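Participant: Supplied structure: entry-v1.cif, mmCIF, C-alpha atoms and all ligand atoms.
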data_query
loop_
_atom_site.label_atom_id
_atom_site.label_comp_id
_atom_site.auth_asym_id
_atom_site.auth_seq_id
_atom_site.Cartn_x
_atom_site.Cartn_y
_atom_site.Cartn_z
CA MET A 1 58.38 96.97 83.57
CA PRO A 2 58.22 94.64 80.57
CA PRO A 3 59.46 91.09 81.16
CA GLU A 4 62.96 89.92 80.32
CA THR A 5 63.45 89.57 76.55
CA GLU A 6 67.11 88.65 76.35
CA GLY A 7 68.49 87.42 73.03
CA LEU A 8 65.64 88.84 70.99
CA SER A 9 65.46 91.99 68.94
CA VAL A 10 63.77 94.50 71.16
CA ASN A 11 63.11 98.15 70.63
CA SER A 12 62.58 100.48 73.50
CA SER A 13 59.19 100.47 75.09
CA LEU A 14 56.21 102.04 73.39
CA ILE A 15 54.13 104.28 75.60
CA LEU A 16 50.78 104.31 73.96
CA ARG A 17 47.56 106.20 74.48
CA ILE A 18 44.37 105.37 72.67
CA LEU A 19 42.13 108.25 71.69
CA GLY A 20 38.66 108.14 70.31
CA ASP A 21 35.04 109.10 70.73
CA ARG A 22 32.60 107.16 72.85
CA SER A 23 31.74 103.94 71.06
CA ALA A 24 34.63 104.19 68.58
CA GLY A 25 35.55 100.65 69.63
CA LYS A 26 38.52 101.39 71.92
CA THR A 27 37.79 98.87 74.66
CA THR A 28 36.77 96.17 72.21
CA TYR A 29 39.96 96.79 70.25
CA LEU A 30 42.09 96.32 73.36
CA ALA A 31 40.16 93.28 74.53
CA ALA A 32 40.41 91.63 71.09
CA LEU A 33 44.09 92.43 70.95
CA ALA A 34 44.70 90.98 74.42
CA ARG A 35 42.89 87.80 73.43
CA GLY A 36 45.91 87.15 71.22
CA GLY A 37 47.07 85.37 68.10
CA ASN A 38 45.97 82.04 66.64
CA ASN A 39 47.63 78.87 65.45
CA ASN A 40 47.63 79.66 61.74
CA SER A 41 51.24 79.20 60.61
CA ASP A 42 51.02 82.22 58.25
CA ASN A 43 49.99 84.46 61.10
CA PRO A 44 52.94 86.67 62.07
CA ILE A 45 51.38 87.35 65.48
CA GLN A 46 52.66 84.60 67.71
CA LEU A 47 51.55 85.62 71.12
CA VAL A 48 50.00 88.43 73.12
CA GLU A 49 50.63 88.28 76.84
CA ALA A 50 49.83 90.50 79.76
CA PHE A 51 52.62 91.57 82.07
CA ASN A 52 50.69 93.38 84.75
CA ASP A 53 47.45 92.85 86.69
CA ASP A 54 45.43 95.30 84.62
CA GLY A 55 46.59 93.51 81.47
CA LYS A 56 45.58 90.11 82.94
CA LYS A 57 42.14 91.46 83.82
CA LEU A 58 41.78 92.64 80.24
CA VAL A 59 42.52 89.13 78.95
CA ASP A 60 39.84 87.63 81.24
CA TYR A 61 37.41 90.28 80.17
CA ALA A 62 38.13 89.54 76.51
CA GLN A 63 37.42 85.87 77.06
CA ASN A 64 34.05 86.59 78.61
CA VAL A 65 32.95 89.29 76.26
CA LEU A 66 34.27 88.18 72.91
CA GLU A 67 33.98 84.44 73.23
CA GLN A 68 30.50 84.58 74.65
CA GLY A 69 29.32 87.42 72.43
CA LEU A 70 28.35 89.66 75.34
CA MET A 71 28.25 93.46 75.32
CA LEU A 72 31.04 95.48 76.87
CA GLN A 73 30.40 98.02 79.57
CA THR A 74 31.35 101.61 78.84
CA THR A 75 34.56 102.84 80.38
CA LYS A 76 33.70 104.98 83.40
CA LEU A 77 34.99 108.51 83.79
CA VAL A 78 37.41 108.43 86.70
CA ASP A 79 40.42 110.32 87.85
CA GLN A 80 43.19 109.90 85.29
CA SER A 81 45.56 108.25 87.77
CA SER A 82 43.05 105.48 88.59
CA LEU A 83 42.48 104.42 84.98
CA PRO A 84 43.69 100.90 84.31
CA ASP A 85 47.10 100.84 82.65
CA TYR A 86 47.28 97.69 80.55
CA GLY A 87 50.71 96.15 80.16
CA LEU A 88 50.81 93.89 77.13
CA GLN A 89 53.52 92.33 75.05
CA ILE A 90 53.05 91.20 71.46
CA THR A 91 55.40 88.66 69.88
CA VAL A 92 55.66 89.03 66.11
CA LYS A 93 57.50 86.73 63.71
CA GLY A 94 59.43 88.16 60.76
CA GLY A 95 59.33 91.85 60.00
CA SER A 96 58.76 94.60 57.48
CA ASP A 97 61.74 93.23 55.56
CA TRP A 98 60.89 89.73 54.22
CA ARG A 99 64.45 88.48 54.79
CA ASN A 100 64.07 89.29 58.44
CA GLN A 101 63.05 86.09 60.21
CA THR A 102 63.64 87.41 63.70
CA ILE A 103 61.17 87.44 66.49
CA SER A 104 60.27 90.90 67.76
CA LYS A 105 58.76 91.50 71.13
CA ILE A 106 56.72 94.65 71.45
CA PRO A 107 56.06 95.52 75.06
CA PHE A 108 53.77 98.44 75.65
CA ASN A 109 51.61 100.12 78.22
CA CYS A 110 48.30 101.54 77.27
CA LYS A 111 45.51 103.49 78.93
CA ASP A 112 42.01 103.44 77.54
CA TYR A 113 40.39 106.81 78.18
CA PRO A 114 36.64 107.05 78.59
CA GLY A 115 34.77 108.81 75.78
CA GLU A 116 34.04 111.86 77.94
CA PHE A 117 37.64 112.90 77.53
CA PHE A 118 37.15 113.08 73.83
CA SER A 119 33.83 114.93 74.19
CA ASP A 120 35.62 117.55 76.26
CA LEU A 121 38.17 117.83 73.52
CA LEU A 122 35.40 118.44 70.99
CA ARG A 123 33.57 120.98 73.12
CA GLN A 124 36.74 122.59 74.40
CA SER A 125 34.83 123.84 77.39
CA SER A 126 33.15 121.83 80.04
CA ASN A 127 32.48 121.59 83.74
CA GLU A 128 34.77 118.60 83.65
CA MET A 129 37.63 120.60 82.17
CA LYS A 130 39.74 119.42 85.08
CA PHE A 131 39.68 115.92 83.59
CA LEU A 132 40.60 117.20 80.17
CA ASN A 133 43.71 119.00 81.39
CA ASP A 134 44.81 115.97 83.41
CA TYR A 135 44.34 113.73 80.43
CA LEU A 136 46.22 116.04 78.10
CA GLU A 137 49.03 116.13 80.61
CA ASP A 138 49.02 112.34 80.75
CA CYS A 139 49.17 112.13 76.94
CA LEU A 140 52.42 114.06 77.02
CA GLU A 141 53.93 110.87 78.50
CA ALA A 142 53.11 108.97 75.31
CA ASN A 143 55.41 108.54 72.32
CA GLY A 144 52.68 106.87 70.26
CA ILE A 145 49.02 107.75 69.78
CA LEU A 146 46.46 105.41 68.32
CA PHE A 147 43.38 107.35 67.25
CA LEU A 148 40.46 105.00 66.68
CA ILE A 149 37.50 106.21 64.64
CA ASP A 150 34.33 104.26 63.89
CA GLY A 151 34.55 104.08 60.09
CA LEU A 152 30.78 104.61 59.90
CA ALA A 153 30.82 107.86 61.90
CA HIS A 154 31.95 109.99 58.94
CA GLN A 155 29.38 112.68 59.76
CA LYS A 156 31.58 113.62 62.67
CA ASP A 157 34.62 114.35 60.51
CA ALA A 158 34.60 118.13 61.06
CA ASN A 159 34.07 117.68 64.78
CA TYR A 160 36.94 115.26 65.09
CA ALA A 161 39.27 117.49 63.08
CA GLN A 162 38.54 120.33 65.48
CA GLY A 163 39.16 118.14 68.53
CA LEU A 164 42.46 117.07 67.02
CA ASN A 165 43.66 120.68 66.86
CA LEU A 166 43.65 121.02 70.60
CA PHE A 167 45.12 117.59 71.11
CA LEU A 168 47.94 117.92 68.60
CA ASP A 169 48.88 121.37 69.90
CA ALA A 170 49.29 119.89 73.35
CA TRP A 171 51.05 116.71 72.27
CA SER A 172 53.52 118.54 70.02
CA ARG A 173 54.98 120.06 73.18
CA SER A 174 55.92 116.64 74.58
CA LYS A 175 59.54 115.81 75.29
CA TYR A 176 59.91 113.22 72.50
CA LYS A 177 61.82 113.78 69.29
CA GLU A 178 59.96 110.99 67.50
CA ARG A 179 56.19 111.17 67.72
CA ARG A 180 54.04 108.72 65.83
CA PHE A 181 50.34 109.08 65.31
CA ALA A 182 48.35 106.16 63.89
CA LEU A 183 44.80 106.69 62.66
CA ALA A 184 42.86 103.44 62.48
CA LEU A 185 39.32 103.08 61.19
CA THR A 186 37.46 100.45 63.23
CA LYS A 187 34.58 98.13 62.24
CA CYS A 188 36.06 97.69 58.76
CA GLU A 189 34.32 94.33 58.35
CA GLN A 190 31.22 96.40 57.53
CA PRO A 191 30.28 96.35 53.83
CA GLU A 192 30.74 100.12 53.29
CA LEU A 193 34.33 99.82 54.49
CA ALA A 194 35.43 96.27 53.73
CA ASN A 195 35.95 96.78 49.98
CA ASN A 196 38.53 99.48 50.51
CA ARG A 197 40.14 98.16 53.61
CA GLU A 198 43.39 97.42 51.79
CA GLN A 199 43.78 101.12 50.92
CA PRO A 200 43.59 102.61 54.40
CA LYS A 201 44.81 106.07 53.48
CA THR A 202 42.39 106.38 50.56
CA LEU A 203 39.50 105.13 52.67
CA ALA A 204 40.33 107.46 55.55
CA THR A 205 40.73 110.45 53.23
CA GLN A 206 37.40 109.75 51.52
CA ARG A 207 35.44 109.36 54.72
CA PHE A 208 37.29 111.75 57.03
CA PRO A 209 38.83 114.42 54.76
CA ASN A 210 39.13 117.10 57.45
CA VAL A 211 40.75 114.79 59.97
CA CYS A 212 43.28 113.59 57.39
CA LYS A 213 44.06 117.13 56.25
CA ARG A 214 44.75 118.17 59.81
CA LEU A 215 47.05 115.18 60.35
CA GLU A 216 48.95 115.76 57.12
CA THR A 217 49.54 119.41 58.00
CA TRP A 218 50.78 118.40 61.44
CA SER A 219 53.16 115.85 59.99
CA LYS A 220 54.45 118.13 57.21
CA SER A 221 55.21 120.78 59.84
CA GLY A 222 57.73 118.34 61.31
CA TYR A 223 55.96 117.48 64.56
CA GLY A 224 55.78 113.75 63.91
CA SER A 225 54.71 111.05 61.49
CA VAL A 226 51.25 109.78 60.59
CA GLU A 227 50.06 106.45 59.19
CA TYR A 228 46.63 105.09 58.34
CA PHE A 229 45.15 101.67 59.14
CA THR A 230 41.92 99.71 58.91
CA CYS A 231 40.89 97.10 61.46
CA SER A 232 38.06 95.06 62.86
CA ALA A 233 37.82 93.50 66.30
CA PHE A 234 35.20 91.02 64.98
CA GLY A 235 36.37 90.27 61.43
CA MET A 236 34.52 88.51 58.65
CA LEU A 237 33.01 85.08 58.10
CA ASP A 238 34.79 83.32 55.26
CA GLY A 239 32.87 82.09 52.27
CA TYR A 240 32.38 82.80 48.59
CA HIS A 241 31.14 86.26 49.61
CA PRO A 242 32.68 86.97 53.01
CA VAL A 243 30.30 88.77 55.36
CA ALA A 244 30.71 90.75 58.58
CA ASN A 245 30.87 88.58 61.68
CA ALA A 246 28.72 91.12 63.53
CA LYS A 247 25.13 91.45 64.65
CA LYS A 248 23.84 95.02 64.46
CA ILE A 249 22.12 96.39 67.55
CA LYS A 250 21.80 100.01 66.49
CA ARG A 251 23.25 102.42 64.00
CA ASP A 252 23.07 106.22 64.20
CA ARG A 253 25.16 109.32 63.63
CA GLU A 254 27.55 108.18 66.37
CA GLY A 255 28.32 104.97 64.49
CA LEU A 256 27.52 101.34 65.05
CA THR A 257 26.65 99.31 68.15
CA SER A 258 26.95 95.59 67.63
CA VAL A 259 28.02 92.27 69.09
CA ILE A 260 30.00 89.46 67.53
CA LYS A 261 27.78 87.05 65.58
CA GLU A 262 29.71 83.77 65.58
CA PRO A 263 32.29 83.81 68.39
CA LYS A 264 33.54 80.41 67.17
CA TYR A 265 34.70 81.86 63.85
CA TRP A 266 36.14 85.02 65.32
CA GLN A 267 39.00 86.39 63.18
CA PRO A 268 39.85 90.00 63.95
CA PHE A 269 42.15 91.83 61.55
CA GLY A 270 44.50 94.81 61.54
CA LEU A 271 44.77 95.12 65.32
CA VAL A 272 48.52 94.68 65.65
CA ALA A 273 49.54 96.57 62.47
CA PRO A 274 49.28 100.09 63.96
CA ILE A 275 51.11 99.05 67.12
CA TYR A 276 53.92 97.49 65.11
CA TRP A 277 54.27 100.73 63.16
CA LEU A 278 54.08 102.89 66.30
CA HIS A 279 56.86 100.77 67.78
CA THR A 280 59.21 100.43 64.80
CA GLY A 281 58.26 103.22 62.40
CA LYS A 282 57.94 100.56 59.67
CA ARG A 283 54.85 99.01 58.14
CA TYR A 284 54.59 95.26 58.07
CA ALA A 285 52.05 94.44 55.38
CA ALA A 286 51.27 90.87 56.52
CA LEU A 287 49.88 92.26 59.77
CA ASP A 288 47.04 94.06 57.98
CA LYS A 289 45.37 90.66 57.40
CA TYR A 290 45.57 89.30 60.92
N1 LIG A 301 30.81 95.62 63.97
C1 LIG A 301 31.76 95.92 64.87
N2 LIG A 301 31.39 96.48 66.03
C2 LIG A 301 32.38 96.78 66.90
C3 LIG A 301 33.76 96.56 66.63
N3 LIG A 301 34.48 97.00 67.68
C4 LIG A 301 33.58 97.47 68.58
N4 LIG A 301 32.32 97.34 68.12
C5 LIG A 301 31.06 97.72 68.79
O1 LIG A 301 31.07 99.14 68.95
C6 LIG A 301 30.43 99.51 70.17
C7 LIG A 301 31.35 100.37 71.01
O2 LIG A 301 32.51 99.62 71.36
P1 LIG A 301 33.40 99.97 72.66
O3 LIG A 301 34.61 99.13 72.60
O4 LIG A 301 32.59 99.91 73.90
O5 LIG A 301 33.76 101.50 72.35
P2 LIG A 301 34.56 102.55 73.26
O6 LIG A 301 33.52 103.43 73.87
O7 LIG A 301 35.40 103.31 72.29
O8 LIG A 301 35.36 101.79 74.27
C8 LIG A 301 30.06 98.19 70.84
O9 LIG A 301 28.71 97.90 70.51
C9 LIG A 301 30.99 97.18 70.21
O10 LIG A 301 30.46 95.87 70.22
C10 LIG A 301 34.10 95.97 65.37
O11 LIG A 301 35.25 95.74 65.02
N5 LIG A 301 33.05 95.68 64.52
MG MG A 302 35.37 101.95 76.32
#
With the file now loaded, output its structure as structure tokens.
Facilitator:
Amino acid sequence: MPPETEGLSVNSSLILRILGDRSAGKTTYLAALARGGNNNSDNPIQLVEAFNDDGKKLVDYAQNVLEQGLMLQTTKLVDQSSLPDYGLQITVKGGSDWRNQTISKIPFNCKDYPGEFFSDLLRQSSNEMKFLNDYLEDCLEANGILFLIDGLAHQKDANYAQGLNLFLDAWSRSKYKERRFALALTKCEQPELANNREQPKTLATQRFPNVCKRLETWSKSGYGSVEYFTCSAFGMLDGYHPVANAKKIKRDREGLTSVIKEPKYWQPFGLVAPIYWLHTGKRYAALDKY
């Protein structure tokens, strides 16, 4: 259960699942998020804290991996019930309405599925189908989905759109009246993405037209709402011409493998924006920058 938040404006708990292909950046996203806000007074993100053991482990992991510039290990395929379930709470100042100076606490639980789940979804047949069905069942518990896509993996657009069919069909049968689906492009500090990062829907539609079409159809059919976001777990290095704070290790059809370049100047962006929207149904523009 989330901690006591008496006297503050609190919405009911967000039950979140993160979807995405292997190497989309899911674990890095969560680790960077758990590492929390900074002291910049303009930053609406005041605090990110863990409220369960899995969440605390994630924070430690983030400190080792992101601050020391190490590589993350891939998430292992295990039985759905033994996946870590991270309990985090984000404290945000202000709100989508500029007159609103309240503090919002966003408690949420989140599971980070291994990429094999998503591969099963793409293949729609596999020896490991048992995992797929368990995972789909588990997703029915969620009222918010965050779908992370490596912005550089646009060659997989058609594949992803097909995988979404199966997923959305299953999720649309969940018990919730309000379903929110956030699509976030990751690694948007990369030059091909950075210029358009302030127009997330345009960027997503250009690079992943089939995925976006599928999501729009789903939303127009009344199953739930969709929003688009851009983010980076590493961010950019400031300067006259800001550059990606990332060192490339390899790039192929699957996307980009990299590590953070200057951990000291680490400034992720856009990580909280989709979660705020999934929680409140409102966009809070200032969060796109932090
Ligand atoms: N340039 C860049 N690389 C990232 C970012 N987020 C993750 N990565 C890299 O993408 C690769 C896959 O990340 P990971 O979190 O393990 O993906 P997962 O399989 O979806 O959990 C790793 O090499 C990460 O360092 C980002 O924001 N920018
Ligand atoms: Mg992972």
Participant: What gap, in Å, lies between atom CA of Leu215 of chain A and atom CA of Lys289 of chain A?
Facilitator: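 Here the two named atoms are 24.8 Å from each other.
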Participant: Give me, as a tab-separated table, each residue of chain A that comes within 7 Å of ligand MG 302 (chain A), together with its shortest interatomic pair and the distance in Å at one decimal, counting only C-alpha atoms and all ligand atoms, with rows ordered by chain and rising residue number.
Facilitator:
residue	atom	partner	partner_atom	distance
A:Arg22	CA	A:MG302	MG	6.8
A:Ser23	CA	A:MG302	MG	6.7
A:Gly25	CA	A:MG302	MG	6.8
A:Lys26	CA	A:MG302	MG	5.4
A:Thr27	CA	A:MG302	MG	4.3
A:Thr74	CA	A:MG302	MG	4.8
A:Thr75	CA	A:MG302	MG	4.2
A:Asp112	CA	A:MG302	MG	6.9
A:Pro114	CA	A:MG302	MG	5.7
A:Gly115	CA	A:MG302	MG	6.9
Participant: Using only C-alpha atoms and all ligand atoms, what are the residues with an atom within 8 Å of ligand LIG 301 (chain A), set out as a PDB file with C-alpha atoms, keeping the file's coordinate frame?
Facilitator:
ATOM      1  CA  GLY A  20      38.660 108.140  70.310  1.00  0.00           C
ATOM      2  CA  ASP A  21      35.040 109.100  70.730  1.00  0.00           C
ATOM      3  CA  ARG A  22      32.600 107.160  72.850  1.00  0.00           C
ATOM      4  CA  SER A  23      31.740 103.940  71.060  1.00  0.00           C
ATOM      5  CA  ALA A  24      34.630 104.190  68.580  1.00  0.00           C
ATOM      6  CA  GLY A  25      35.550 100.650  69.630  1.00  0.00           C
ATOM      7  CA  LYS A  26      38.520 101.390  71.920  1.00  0.00           C
ATOM      8  CA  THR A  27      37.790  98.870  74.660  1.00  0.00           C
ATOM      9  CA  THR A  28      36.770  96.170  72.210  1.00  0.00           C
ATOM     10  CA  TYR A  29      39.960  96.790  70.250  1.00  0.00           C
ATOM     11  CA  MET A  71      28.250  93.460  75.320  1.00  0.00           C
ATOM     12  CA  LEU A  72      31.040  95.480  76.870  1.00  0.00           C
ATOM     13  CA  GLN A  73      30.400  98.020  79.570  1.00  0.00           C
ATOM     14  CA  THR A  74      31.350 101.610  78.840  1.00  0.00           C
ATOM     15  CA  THR A  75      34.560 102.840  80.380  1.00  0.00           C
ATOM     16  CA  ASP A 112      42.010 103.440  77.540  1.00  0.00           C
ATOM     17  CA  PRO A 114      36.640 107.050  78.590  1.00  0.00           C
ATOM     18  CA  GLY A 115      34.770 108.810  75.780  1.00  0.00           C
ATOM     19  CA  LEU A 148      40.460 105.000  66.680  1.00  0.00           C
ATOM     20  CA  ASP A 150      34.330 104.260  63.890  1.00  0.00           C
ATOM     21  CA  THR A 186      37.460 100.450  63.230  1.00  0.00           C
ATOM     22  CA  LYS A 187      34.580  98.130  62.240  1.00  0.00           C
ATOM     23  CA  CYS A 188      36.060  97.690  58.760  1.00  0.00           C
ATOM     24  CA  GLU A 189      34.320  94.330  58.350  1.00  0.00           C
ATOM     25  CA  GLN A 190      31.220  96.400  57.530  1.00  0.00           C
ATOM     26  CA  CYS A 231      40.890  97.100  61.460  1.00  0.00           C
ATOM     27  CA  SER A 232      38.060  95.060  62.860  1.00  0.00           C
ATOM     28  CA  ALA A 233      37.820  93.500  66.300  1.00  0.00           C
ATOM     29  CA  PHE A 234      35.200  91.020  64.980  1.00  0.00           C
ATOM     30  CA  GLY A 235      36.370  90.270  61.430  1.00  0.00           C
ATOM     31  CA  ALA A 244      30.710  90.750  58.580  1.00  0.00           C
ATOM     32  CA  ASN A 245      30.870  88.580  61.680  1.00  0.00           C
ATOM     33  CA  ALA A 246      28.720  91.120  63.530  1.00  0.00           C
ATOM     34  CA  LYS A 247      25.130  91.450  64.650  1.00  0.00           C
ATOM     35  CA  LYS A 248      23.840  95.020  64.460  1.00  0.00           C
ATOM     36  CA  ILE A 249      22.120  96.390  67.550  1.00  0.00           C
ATOM     37  CA  GLY A 255      28.320 104.970  64.490  1.00  0.00           C
ATOM     38  CA  LEU A 256      27.520 101.340  65.050  1.00  0.00           C
ATOM     39  CA  THR A 257      26.650  99.310  68.150  1.00  0.00           C
ATOM     40  CA  SER A 258      26.950  95.590  67.630  1.00  0.00           C
ATOM     41  CA  VAL A 259      28.020  92.270  69.090  1.00  0.00           C
ATOM     42  CA  ILE A 260      30.000  89.460  67.530  1.00  0.00           C
ATOM     43  CA  PRO A 268      39.850  90.000  63.950  1.00  0.00           C
TER      44      PRO A 268
END
Participant: Can you tell me which residues surround segment 16-19 of chain A at a distance of at most 7 Å, considering all atoms listed in the file, apart from same-chain residues fewer than 4 positions away, and format the answer as an MDAnalysis selection string?
Facilitator: chainID A and resid 108:113 139 142:148
Participant: Give the answer as one residue: which of A:Ser81, A:Ser104, A:Ser225, A:Gln89 has the shortest atom-to-atom distance to Ile15 of chain A, using only C-alpha atoms?
Facilitator: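 Closest to Ile15 of chain A, using only C-alpha atoms: A:Gln89.
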Participant: Between A:Leu278, A:Leu168, A:Leu152, A:Leu271, which is the closest to Leu140 of chain A once you count only C-alpha atoms?
Facilitator: A:Leu168
Participant: Mind working out the centre and edge lengths of an axis-aligned box for segment 235-245 of chain A, all listed atoms inside, 6 Å added to each side, rounded to one decimal in Å and written as lines of an AutoDock Vina configuration file?
Facilitator:
center_x = 33.3
center_y = 86.4
center_z = 55.1
size_x = 18.1
size_y = 20.7
size_z = 25.1
Participant: How far is it from atom CA of Tyr276 of chain A to atom CA of Lys177 of chain A, in Å with one decimal?
Facilitator: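 Pair atom CA of Tyr276 of chain A / atom CA of Lys177 of chain A returns 18.6 Å.
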Participant: When you count all atoms listed in the file, which of these residues is closest to Gly281 of chain A: A:Tyr223, A:Leu14, A:Gly55, A:Pro242?
Facilitator: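 Using all atoms listed in the file, Gly281 of chain A sits closest to A:Leu14.
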Participant: Between atom CA of Val59 of chain A and atom CA of Leu287 of chain A, what is the distance in Å, rounded to a tenth?
Facilitator: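 For atom CA of Val59 of chain A relative to atom CA of Leu287 of chain A, the distance reads 20.8 Å.
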Participant: Please list as JSON, numbers by chain every residue within 6 Å of segment 30-47 of chain A, counting only C-alpha atoms and excluding residues in the same chain fewer than 4 positions away.
Facilitator: {"A": [58, 59, 62, 90, 91, 92, 93, 233]}
Participant: Pick out the residues sitting within 6 Å of segment 196-207 of chain A, and hand them over as a list in words; count only C-alpha atoms, and ignore anything fewer than 5 positions along from it in its own chain.
Facilitator: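 Here the qualifying residues turn out to be His154, Cys212, Tyr228, Phe229 and Thr230 of chain A.
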